[in-house]
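Undergrad: Structure file entry11.txt, compact mmCIF, C-alpha atoms and all ligand atoms, is pasted below:
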```
# COMPACT_ATOMS: atom_id res chain seq x y z
CA MET A 1 38.08 56.51 58.96
CA GLN A 2 37.46 57.86 55.50
CA GLU A 3 33.98 57.56 54.05
CA PRO A 4 33.84 55.10 51.15
CA MET A 5 33.84 56.98 47.87
CA SER A 6 30.78 57.15 45.71
CA GLY A 7 31.00 55.70 42.20
CA SER A 8 30.81 59.06 40.51
CA ARG A 9 33.56 60.55 42.73
CA MET A 10 35.80 57.59 41.74
CA GLU A 11 35.08 58.23 38.07
CA ASP A 12 35.91 61.91 38.51
CA LEU A 13 39.26 60.95 40.06
CA GLU A 14 40.11 58.45 37.32
CA LEU A 15 39.37 61.09 34.69
CA PHE A 16 41.45 63.60 36.60
CA TYR A 17 44.44 61.18 36.79
CA GLU A 18 44.16 60.52 33.07
CA GLU A 19 44.25 64.23 32.38
CA VAL A 20 47.28 64.82 34.64
CA LYS A 21 49.10 61.98 32.86
CA ARG A 22 48.64 63.70 29.48
CA TYR A 23 50.81 66.53 30.84
CA GLN A 24 53.69 64.18 31.88
CA SER A 25 52.83 64.43 35.57
CA ARG A 26 51.44 62.19 38.32
CA PRO A 27 49.84 62.88 41.69
CA LEU A 28 52.15 62.25 44.66
CA TRP A 29 49.36 60.76 46.81
CA VAL A 30 48.61 57.83 44.52
CA SER A 31 51.67 55.63 45.09
CA ARG A 32 53.43 56.88 48.17
CA THR A 33 55.50 54.02 49.60
CA ASP A 34 58.99 54.36 50.99
CA PRO A 35 61.45 52.34 48.94
CA GLN A 36 63.13 49.44 50.73
CA PRO A 37 66.65 48.21 49.85
CA LYS A 38 66.24 45.83 46.92
CA ALA A 39 69.66 44.20 47.16
CA VAL A 40 69.60 41.10 49.37
CA PRO A 41 72.32 39.59 51.57
CA TYR A 42 74.26 37.19 49.34
CA LEU A 43 77.47 35.16 49.18
CA TRP A 44 79.57 34.08 46.19
CA LYS A 45 81.89 31.16 46.87
CA TYR A 46 85.30 31.35 45.20
CA GLN A 47 85.22 27.57 44.83
CA ASP A 48 82.33 28.01 42.37
CA PHE A 49 83.83 30.96 40.51
CA ARG A 50 87.42 29.80 40.10
CA PRO A 51 86.57 27.19 37.42
CA LEU A 52 84.36 29.71 35.59
CA LEU A 53 87.10 32.32 35.63
CA PHE A 54 89.78 29.94 34.42
CA ARG A 55 87.46 28.79 31.62
CA ALA A 56 86.91 32.43 30.63
CA ALA A 57 90.70 32.83 30.59
CA GLU A 58 90.85 30.02 28.00
CA ILE A 59 87.96 30.91 25.72
CA VAL A 60 87.67 34.71 25.95
CA PRO A 61 90.49 36.64 24.25
CA MET A 62 91.54 39.92 25.87
CA GLU A 63 90.75 41.77 22.61
CA MET A 64 87.13 40.70 23.03
CA ALA A 65 86.77 41.58 26.68
CA GLU A 66 89.17 44.48 27.36
CA ARG A 67 88.71 43.40 30.99
CA ARG A 68 88.00 39.67 31.58
CA VAL A 69 85.55 40.14 34.41
CA LEU A 70 82.66 38.24 35.98
CA ILE A 71 80.26 40.53 37.84
CA PHE A 72 78.74 39.42 41.14
CA SER A 73 75.13 40.32 40.40
CA ASN A 74 72.79 40.63 43.38
CA PRO A 75 69.65 38.47 42.85
CA GLY A 76 67.55 41.16 44.55
CA LEU A 77 68.46 43.47 41.64
CA LEU A 78 67.07 40.93 39.15
CA GLY A 79 70.46 39.87 37.81
CA ARG A 80 71.00 43.21 36.07
CA GLY A 81 72.76 45.14 38.81
CA PRO A 82 75.99 44.93 40.78
CA ALA A 83 76.66 43.27 44.16
CA THR A 84 74.83 45.87 46.29
CA SER A 85 72.51 48.61 45.07
CA THR A 86 75.50 50.95 44.62
CA LEU A 87 78.75 48.95 44.72
CA SER A 88 80.23 46.52 42.23
CA ALA A 89 82.25 43.47 43.20
CA ASN A 90 83.73 41.66 40.20
CA LEU A 91 86.35 38.98 39.72
CA GLN A 92 88.97 39.69 37.05
CA ILE A 93 91.46 37.23 35.56
CA ILE A 94 94.49 38.02 33.41
CA ASN A 95 96.68 35.43 31.65
CA PRO A 96 100.50 35.40 31.54
CA GLY A 97 101.74 37.80 28.88
CA GLU A 98 98.44 39.69 28.59
CA VAL A 99 97.86 43.41 28.98
CA ALA A 100 94.46 44.83 29.91
CA PRO A 101 94.73 48.06 27.92
CA SER A 102 94.90 51.50 29.46
CA HIS A 103 91.73 53.53 29.95
CA ARG A 104 90.17 55.91 32.44
CA HIS A 105 86.64 56.50 33.69
CA THR A 106 84.78 58.61 36.20
CA ALA A 107 83.95 55.56 38.30
CA SER A 108 86.54 54.84 41.00
CA ALA A 109 87.88 51.32 41.40
CA LEU A 110 89.76 49.28 43.95
CA ARG A 111 91.38 45.84 43.70
CA LEU A 112 91.90 43.18 46.31
CA ILE A 113 94.30 40.53 45.07
CA VAL A 114 92.99 36.95 45.28
CA GLU A 115 95.63 34.70 43.71
CA GLY A 116 98.76 34.72 41.59
CA ASP A 117 101.85 36.89 41.42
CA SER A 118 103.88 38.98 38.96
CA ALA A 119 100.99 41.02 37.61
CA TYR A 120 101.08 44.77 37.88
CA THR A 121 98.67 47.65 37.73
CA ALA A 122 99.87 50.99 36.40
CA VAL A 123 98.02 54.07 37.64
CA GLU A 124 98.79 57.50 36.23
CA GLY A 125 102.37 56.67 35.25
CA GLU A 126 103.27 54.49 38.27
CA LYS A 127 103.58 50.72 38.13
CA THR A 128 102.97 48.51 41.17
CA TYR A 129 103.31 44.73 41.47
CA MET A 130 100.44 42.96 43.21
CA GLU A 131 100.46 40.09 45.70
CA PRO A 132 97.56 38.23 47.36
CA GLY A 133 95.78 40.39 49.95
CA ASP A 134 97.18 43.66 48.56
CA PHE A 135 94.69 46.50 48.26
CA ILE A 136 95.09 48.67 45.13
CA THR A 137 93.43 52.04 44.55
CA THR A 138 92.42 53.27 41.10
CA PRO A 139 90.69 56.60 41.79
CA ASN A 140 88.42 58.22 39.25
CA TRP A 141 89.70 59.65 35.98
CA LEU A 142 93.24 58.24 36.36
CA TRP A 143 94.72 56.18 33.51
CA HIS A 144 95.12 52.53 34.46
CA ASP A 145 96.18 49.30 32.82
CA HIS A 146 97.09 45.85 34.07
CA GLY A 147 99.64 43.33 32.81
CA ASN A 148 100.78 39.87 33.82
CA GLU A 149 104.54 39.31 33.57
CA GLY A 150 104.45 35.96 35.39
CA ASP A 151 103.74 32.42 34.24
CA ARG A 152 100.28 31.74 35.68
CA PRO A 153 96.93 33.57 35.62
CA MET A 154 96.30 36.23 38.22
CA VAL A 155 92.91 36.91 39.84
CA TRP A 156 91.64 39.84 41.80
CA LEU A 157 88.40 41.35 43.08
CA ASP A 158 87.41 44.71 41.59
CA GLY A 159 85.29 47.09 43.65
CA LEU A 160 83.68 49.99 41.81
CA ASP A 161 81.22 52.81 42.47
CA SER A 162 80.02 52.84 38.84
CA THR A 163 76.33 52.32 39.66
CA LEU A 164 76.40 55.38 41.89
CA VAL A 165 78.17 57.38 39.19
CA ASN A 166 75.64 56.15 36.59
CA ALA A 167 72.74 57.17 38.83
CA LEU A 168 74.21 60.67 38.96
CA ASP A 169 74.58 60.75 35.14
CA ALA A 170 78.29 61.48 35.54
CA THR A 171 79.68 58.56 33.54
CA PHE A 172 82.55 59.30 31.16
CA ARG A 173 85.27 57.02 29.85
CA GLU A 174 88.24 57.26 27.54
CA GLU A 175 90.61 54.75 25.93
CA TYR A 176 94.32 55.51 25.96
CA PRO A 177 95.64 55.67 22.36
CA GLU A 178 98.22 52.96 23.15
CA GLU A 179 97.94 49.62 24.96
CA SER A 180 100.00 50.79 27.95
CA GLN A 181 100.49 54.27 29.31
CA PRO A 182 104.05 55.60 29.61
CA LEU A 183 105.64 54.98 33.02
CA THR A 184 106.54 58.51 34.07
CA LYS A 185 107.22 57.73 37.72
CA PRO A 186 109.59 55.31 39.48
CA THR A 187 107.98 51.90 40.14
CA GLU A 188 106.11 51.84 43.48
CA VAL A 189 107.20 55.37 44.34
CA SER A 190 103.90 56.03 46.15
CA GLN A 191 104.75 53.33 48.68
CA ARG A 192 108.00 55.07 49.55
CA LEU A 193 106.24 58.43 49.73
CA TYR A 194 103.09 57.49 51.61
CA ALA A 195 103.30 54.12 53.37
CA ALA A 196 105.56 55.30 56.21
CA GLY A 197 102.68 55.90 58.62
CA SER A 198 102.73 59.31 60.29
CA LEU A 199 105.79 60.59 58.41
CA ARG A 200 104.34 62.52 55.50
CA PRO A 201 106.16 64.24 52.63
CA THR A 202 105.77 68.02 52.82
CA TRP A 203 106.26 68.90 49.15
CA VAL A 204 103.28 67.15 47.57
CA ASP A 205 99.74 68.33 46.95
CA ARG A 206 97.46 67.35 49.83
CA SER A 207 94.18 68.47 48.35
CA ARG A 208 93.18 65.37 46.40
CA LEU A 209 89.94 63.61 47.24
CA HIS A 210 91.52 60.18 47.14
CA SER A 211 94.57 58.43 48.53
CA PRO A 212 97.82 58.96 46.60
CA LEU A 213 98.98 55.50 47.74
CA ILE A 214 98.31 52.96 44.97
CA ASN A 215 99.20 49.75 46.80
CA TYR A 216 98.53 49.02 50.47
CA LYS A 217 100.59 45.86 50.98
CA PHE A 218 98.90 42.97 52.80
CA ALA A 219 102.09 42.15 54.70
CA GLN A 220 102.03 45.58 56.35
CA ALA A 221 98.30 45.43 57.13
CA TYR A 222 98.55 41.93 58.59
CA ASP A 223 101.56 42.86 60.69
CA ALA A 224 99.69 45.82 62.18
CA LEU A 225 96.51 43.80 62.74
CA SER A 226 98.18 40.87 64.45
CA THR A 227 100.28 43.13 66.67
CA LEU A 228 97.13 44.96 67.81
CA ALA A 229 95.24 41.69 68.31
CA ARG A 230 97.71 40.75 71.07
CA GLU A 231 96.66 43.66 73.29
CA SER A 232 93.35 45.02 72.06
CA GLU A 233 89.75 43.84 71.90
CA GLY A 234 89.08 46.11 68.92
CA SER A 235 85.59 47.20 67.95
CA PRO A 236 82.60 45.22 69.26
CA PHE A 237 81.14 45.24 65.72
CA ASP A 238 84.20 45.01 63.46
CA GLY A 239 86.86 43.19 65.51
CA ILE A 240 90.46 44.39 65.20
CA CYS A 241 89.70 46.78 62.36
CA LEU A 242 91.99 49.15 60.47
CA GLU A 243 90.85 51.62 57.87
CA TYR A 244 92.92 52.00 54.71
CA SER A 245 93.05 55.77 55.04
CA ASN A 246 94.26 58.52 52.78
CA PRO A 247 97.69 59.16 54.36
CA GLN A 248 97.50 62.84 53.43
CA THR A 249 94.15 63.61 55.05
CA GLY A 250 93.24 60.72 57.34
CA GLY A 251 90.03 60.42 55.28
CA PRO A 252 88.76 57.42 53.32
CA ALA A 253 91.00 55.84 50.67
CA MET A 254 88.56 57.00 48.00
CA ALA A 255 85.94 59.74 48.06
CA SER A 256 83.10 57.27 47.52
CA MET A 257 84.41 54.11 49.18
CA ALA A 258 85.79 53.57 52.67
CA CYS A 259 87.95 50.44 52.86
CA TYR A 260 88.89 48.34 55.90
CA ALA A 261 90.64 45.18 57.04
CA SER A 262 89.22 43.35 60.07
CA LEU A 263 91.05 40.64 61.95
CA PHE A 264 88.77 38.32 63.92
CA PRO A 265 90.77 36.15 66.34
CA ALA A 266 89.69 32.48 66.51
CA GLY A 267 86.42 32.25 68.42
CA MET A 268 85.54 35.94 68.19
CA HIS A 269 81.83 36.66 67.94
CA THR A 270 81.05 40.33 67.19
CA GLN A 271 77.94 42.20 68.30
CA ALA A 272 75.23 42.70 65.69
CA HIS A 273 74.42 46.15 64.37
CA ARG A 274 73.02 47.80 61.27
CA HIS A 275 73.79 51.00 59.40
CA THR A 276 73.01 52.73 56.15
CA GLY A 277 75.40 52.02 53.29
CA GLY A 278 75.89 48.65 51.62
CA VAL A 279 79.02 46.63 52.41
CA VAL A 280 81.03 44.17 50.31
CA TYR A 281 83.13 41.73 52.37
CA HIS A 282 85.96 39.65 50.93
CA VAL A 283 87.60 36.98 53.08
CA ILE A 284 91.38 37.15 52.73
CA THR A 285 92.25 34.34 55.16
CA GLY A 286 90.47 32.07 57.62
CA SER A 287 86.90 30.81 57.92
CA GLY A 288 83.78 31.47 59.91
CA TYR A 289 80.27 32.75 59.37
CA SER A 290 78.23 35.92 59.46
CA VAL A 291 74.61 36.24 60.52
CA ILE A 292 72.80 38.73 58.28
CA ASN A 293 69.15 39.52 59.09
CA GLY A 294 68.95 36.21 60.97
CA VAL A 295 70.42 34.04 58.19
CA ARG A 296 73.77 32.28 58.64
CA PHE A 297 76.32 32.70 55.82
CA ASP A 298 79.30 30.33 56.13
CA TRP A 299 82.44 31.68 54.51
CA THR A 300 86.00 30.68 53.88
CA ALA A 301 89.09 32.29 52.33
CA LYS A 302 88.51 34.07 48.97
CA ASP A 303 84.69 34.14 49.32
CA THR A 304 82.80 37.42 48.84
CA PHE A 305 79.53 38.39 50.51
CA VAL A 306 77.36 41.48 50.79
CA VAL A 307 75.35 43.17 53.53
CA PRO A 308 72.76 45.57 52.10
CA SER A 309 72.01 48.89 53.74
CA TRP A 310 70.21 48.62 57.10
CA ALA A 311 70.60 44.84 57.45
CA PHE A 312 71.68 43.54 60.87
CA HIS A 313 74.99 41.69 60.73
CA GLU A 314 77.49 40.02 63.08
CA HIS A 315 80.58 37.90 62.43
CA VAL A 316 81.95 34.71 63.97
CA ALA A 317 85.48 33.44 63.30
CA THR A 318 86.04 29.68 63.49
CA GLU A 319 89.78 30.28 63.06
CA GLU A 320 91.71 33.56 62.91
CA SER A 321 90.31 35.39 59.90
CA VAL A 322 91.20 38.55 58.02
CA VAL A 323 88.36 40.13 56.06
CA PHE A 324 88.63 43.07 53.66
CA TRP A 325 85.52 45.23 53.31
CA TYR A 326 84.36 48.38 51.57
CA THR A 327 81.29 50.55 51.85
CA ASP A 328 79.81 53.73 50.39
CA THR A 329 79.36 55.47 53.76
CA PRO A 330 81.68 58.38 52.68
CA VAL A 331 78.88 59.38 50.29
CA LEU A 332 76.19 59.16 52.98
CA GLU A 333 78.04 61.00 55.76
CA PRO A 334 78.36 64.49 54.21
CA LEU A 335 74.68 64.34 53.23
CA GLY A 336 73.59 63.58 56.80
CA LEU A 337 72.32 60.15 55.72
CA TYR A 338 74.56 57.90 57.79
CA ARG A 339 72.78 56.20 60.68
CA GLU A 340 73.72 53.25 62.80
CA GLU A 341 71.99 51.10 65.40
CA PRO A 342 73.19 48.24 67.65
CA TYR A 343 71.08 45.09 67.98
CA GLU A 344 69.78 45.37 71.53
CA GLU A 345 68.02 42.07 72.17
CA ASN A 346 69.44 38.70 73.11
CA GLY A 347 72.83 40.03 74.27
CA GLY A 348 73.48 41.66 70.89
CA HIS A 349 73.24 38.44 68.90
CA GLN A 350 70.53 37.65 66.38
CA ARG A 351 68.59 34.39 66.55
CA VAL A 352 69.58 32.25 63.56
CA THR A 353 66.48 31.40 61.54
CA GLY A 354 68.11 29.69 58.55
CA ASN A 355 71.21 28.97 56.52
CA PHE A 356 72.14 30.69 53.29
CA ALA A 357 71.58 28.72 50.11
CA PRO A 358 72.49 30.12 46.67
CA ILE A 359 69.53 31.10 44.50
CA PRO A 360 69.74 29.36 41.10
CA ALA A 361 69.04 31.87 38.30
O1 LIG A 401 90.15 46.78 35.67
O2 LIG A 401 89.82 48.73 34.82
O3 LIG A 401 85.77 45.01 36.98
O4 LIG A 401 87.35 49.38 34.15
C1 LIG A 401 85.20 46.89 35.68
C2 LIG A 401 85.61 48.00 34.97
C3 LIG A 401 87.49 46.35 36.10
C4 LIG A 401 89.38 47.68 35.28
C5 LIG A 401 86.14 46.08 36.26
C6 LIG A 401 86.96 48.28 34.83
C7 LIG A 401 87.92 47.44 35.40
FE FE2 A 402 88.97 50.48 34.56
```
Now that the file is in, can you turn its structure into structure tokens?
Ligand code: GTQ
Ligand code: FE2
TA:
Amino acid sequence: MQEPMSGSRMEDLELFYEEVKRYQSRPLWVSRTDPQPKAVPYLWKYQDFRPLLFRAAEIVPMEMAERRVLIFSNPGLLGRGPATSTLSANLQIINPGEVAPSHRHTASALRLIVEGDSAYTAVEGEKTYMEPGDFITTPNWLWHDHGNEGDRPMVWLDGLDSTLVNALDATFREEYPEESQPLTKPTEVSQRLYAAGSLRPTWVDRSRLHSPLINYKFAQAYDALSTLARESEGSPFDGICLEYSNPQTGGPAMASMACYASLFPAGMHTQAHRHTGGVVYHVITGSGYSVINGVRFDWTAKDTFVVPSWAFHEHVATEESVVFWYTDTPVLEPLGLYREEPYEENGGHQRVTGNFAPIPA
């Protein structure tokens, strides 16, 4: 036990702190608390967002927005941040006939297609058409634009690492001088080059940090998942889970974001665990619930929810469900900051202490 301080000692200290402050400094011992994750577990229901998005599509011209996007903003970050402390999850809508003009930035982006057809993304001279459930990569500093050639709006989820890039003061962006970039490559050529599994082209550069495959088709992912589900239990924590890997290296699809698809057969209940790195989950098909730090989050197709770093989580599928998810663990791993822990008590399942309710702003 420390002796209580005398009044004059306290005054001495206060004066000392004032003096230190004048020199743009502060003593370490005064406010030494370890920061806790500020982002909270949260869920955004597509049912709520669809009307908002379609209204934005009516009243917000593309010239005004450049990208017509609603940001899922974690209430733990006071409505000013993204979905987790580092990862963005945004819904984007594009009308028939519109083009979201070409630009590039140092943040990396991914897309998971939610509804519609006949829209394309062009990345660095290659155009790819997008269908629901497709996973699109837009790695950093590559030119990209989107266009809708169909006759109804198209919606997708954008995942970005921009908050991480901002924190590192490495944010740059550039507009392309024209609306669309020139298409210098055959349409969907990266699928023919890189989506053939273990057969890899020998003549292309293998040193890039991100996947050269722009579009991982849902049909292929679902086919692989459902075939495996017939004979495999999968992971106790993630179900039948496939990583969208860089076909050239086996590494993550993007340097900062690892991306996965999990199939949970009807009735599956995964074991709870926790790990560093925030996760964004997007339900492609099915319905069920997840228990995050003891709270039950019911989800259905097209909903998006987040698990902050170090929060316990487990998943239950009411019907067969396919869930897309991405996380910033590729940034943590090389720095020795990735850690993981199973939930040991109660047979690996958390006790449910409440149900999620949205927080009105
Ligand atoms: O589609 O290029 O949600 O640049 C945020 C920033 C989407 C995009 C977002 C972007 C984009
Ligand atoms: Fe962009």
Undergrad: Ligand FE2 402 (chain A): which residues are within 7 Å, counting all atoms listed in the file? Reply as a list in words.
TA: His103, Arg104, His105, Ala109 and His144 of chain A
Undergrad: Could you check which of A:Pro82, A:Pro4, A:Pro41, A:Pro27 is closest to ligand LIG 401 (chain A), using only C-alpha atoms and all ligand atoms?
TA: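 The closest residue to ligand LIG 401 (chain A) is A:Pro82.
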Undergrad: Taking all atoms listed in the file into account, which residues are within 6 Å of ligand LIG 401 (chain A), as a PDB file with C-alpha atoms, keeping the file's coordinate frame?
TA:
```
ATOM      1  CA  ARG A  67      88.710  43.400  30.990  1.00  0.00           C
ATOM      2  CA  VAL A  69      85.550  40.140  34.410  1.00  0.00           C
ATOM      3  CA  ASN A  90      83.730  41.660  40.200  1.00  0.00           C
ATOM      4  CA  ASP A 158      87.410  44.710  41.590  1.00  0.00           C
TER       5      ASP A 158
END
```
Undergrad: Skip A:Ala261 itself and residues of its chain fewer than 6 positions away, then list as an NGL selection string all residues within 8 Å of it, counting all atoms listed in the file.
TA: :A and (221 or 241-244 or 322-325)
Undergrad: So, with all atoms listed in the file as the atoms that count, which of A:Pro330, A:Gly147, A:Pro35, A:Gly294 lies closest to A:Val352?
TA: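 Distance minimum relative to A:Val352 lands on A:Gly294.
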Undergrad: Using only C-alpha atoms for the distances, tell me which of A:Ala311, A:Leu77, A:Val295, A:Ile214 is nearest to A:Pro342.
TA: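 Comparing A:Ala311, A:Leu77, A:Val295, A:Ile214 against A:Pro342, the winner is A:Ala311.
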Undergrad: Write out as a ChimeraX atom specification which residues come within 8 Å of A:Arg111 when counting all atoms listed in the file, dropping same-chain ones fewer than 4 positions away.
TA: /A:134-138,156-159
Undergrad: Skipping near chain neighbours, those fewer than 3 positions away, what residues fall within 9 Å of A:Asn246 using only C-alpha atoms, listed as a ChimeraX atom specification?
TA: /A:194,209-213,249-254
Undergrad: Could those residues be written to a file, using C-alpha atoms, as a PDB file, in the frame of the given file?
TA:
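What ended up in part.pdb:
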```pdb
ATOM      1  CA  TYR A 194     103.090  57.490  51.610  1.00  0.00           C
ATOM      2  CA  LEU A 209      89.940  63.610  47.240  1.00  0.00           C
ATOM      3  CA  HIS A 210      91.520  60.180  47.140  1.00  0.00           C
ATOM      4  CA  SER A 211      94.570  58.430  48.530  1.00  0.00           C
ATOM      5  CA  PRO A 212      97.820  58.960  46.600  1.00  0.00           C
ATOM      6  CA  LEU A 213      98.980  55.500  47.740  1.00  0.00           C
ATOM      7  CA  THR A 249      94.150  63.610  55.050  1.00  0.00           C
ATOM      8  CA  GLY A 250      93.240  60.720  57.340  1.00  0.00           C
ATOM      9  CA  GLY A 251      90.030  60.420  55.280  1.00  0.00           C
ATOM     10  CA  PRO A 252      88.760  57.420  53.320  1.00  0.00           C
ATOM     11  CA  ALA A 253      91.000  55.840  50.670  1.00  0.00           C
ATOM     12  CA  MET A 254      88.560  57.000  48.000  1.00  0.00           C
TER      13      MET A 254
END
```
Undergrad: Using all atoms listed in the file, which residue out of A:Leu183, A:Met257, A:Val307, A:Leu335 lies closest to A:Ala122?
TA: A:Leu183
Undergrad: Have a look at atom CA of A:Ala255 and atom CA of A:Gly277 and let me know their distance in Å, one decimal.
TA: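 Separation between atom CA of A:Ala255 and atom CA of A:Gly277: 14.1 Å.
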Undergrad: Find, counting all atoms listed in the file, the residue in A:Gly234, A:Pro51, A:Pro358, A:Pro247 that gets nearest to A:Ser207.
TA: A:Pro247
Undergrad: Do you have the atom CA of A:Arg9-atom CA of A:Gln24 distance handy?
TA: 23.2 Å
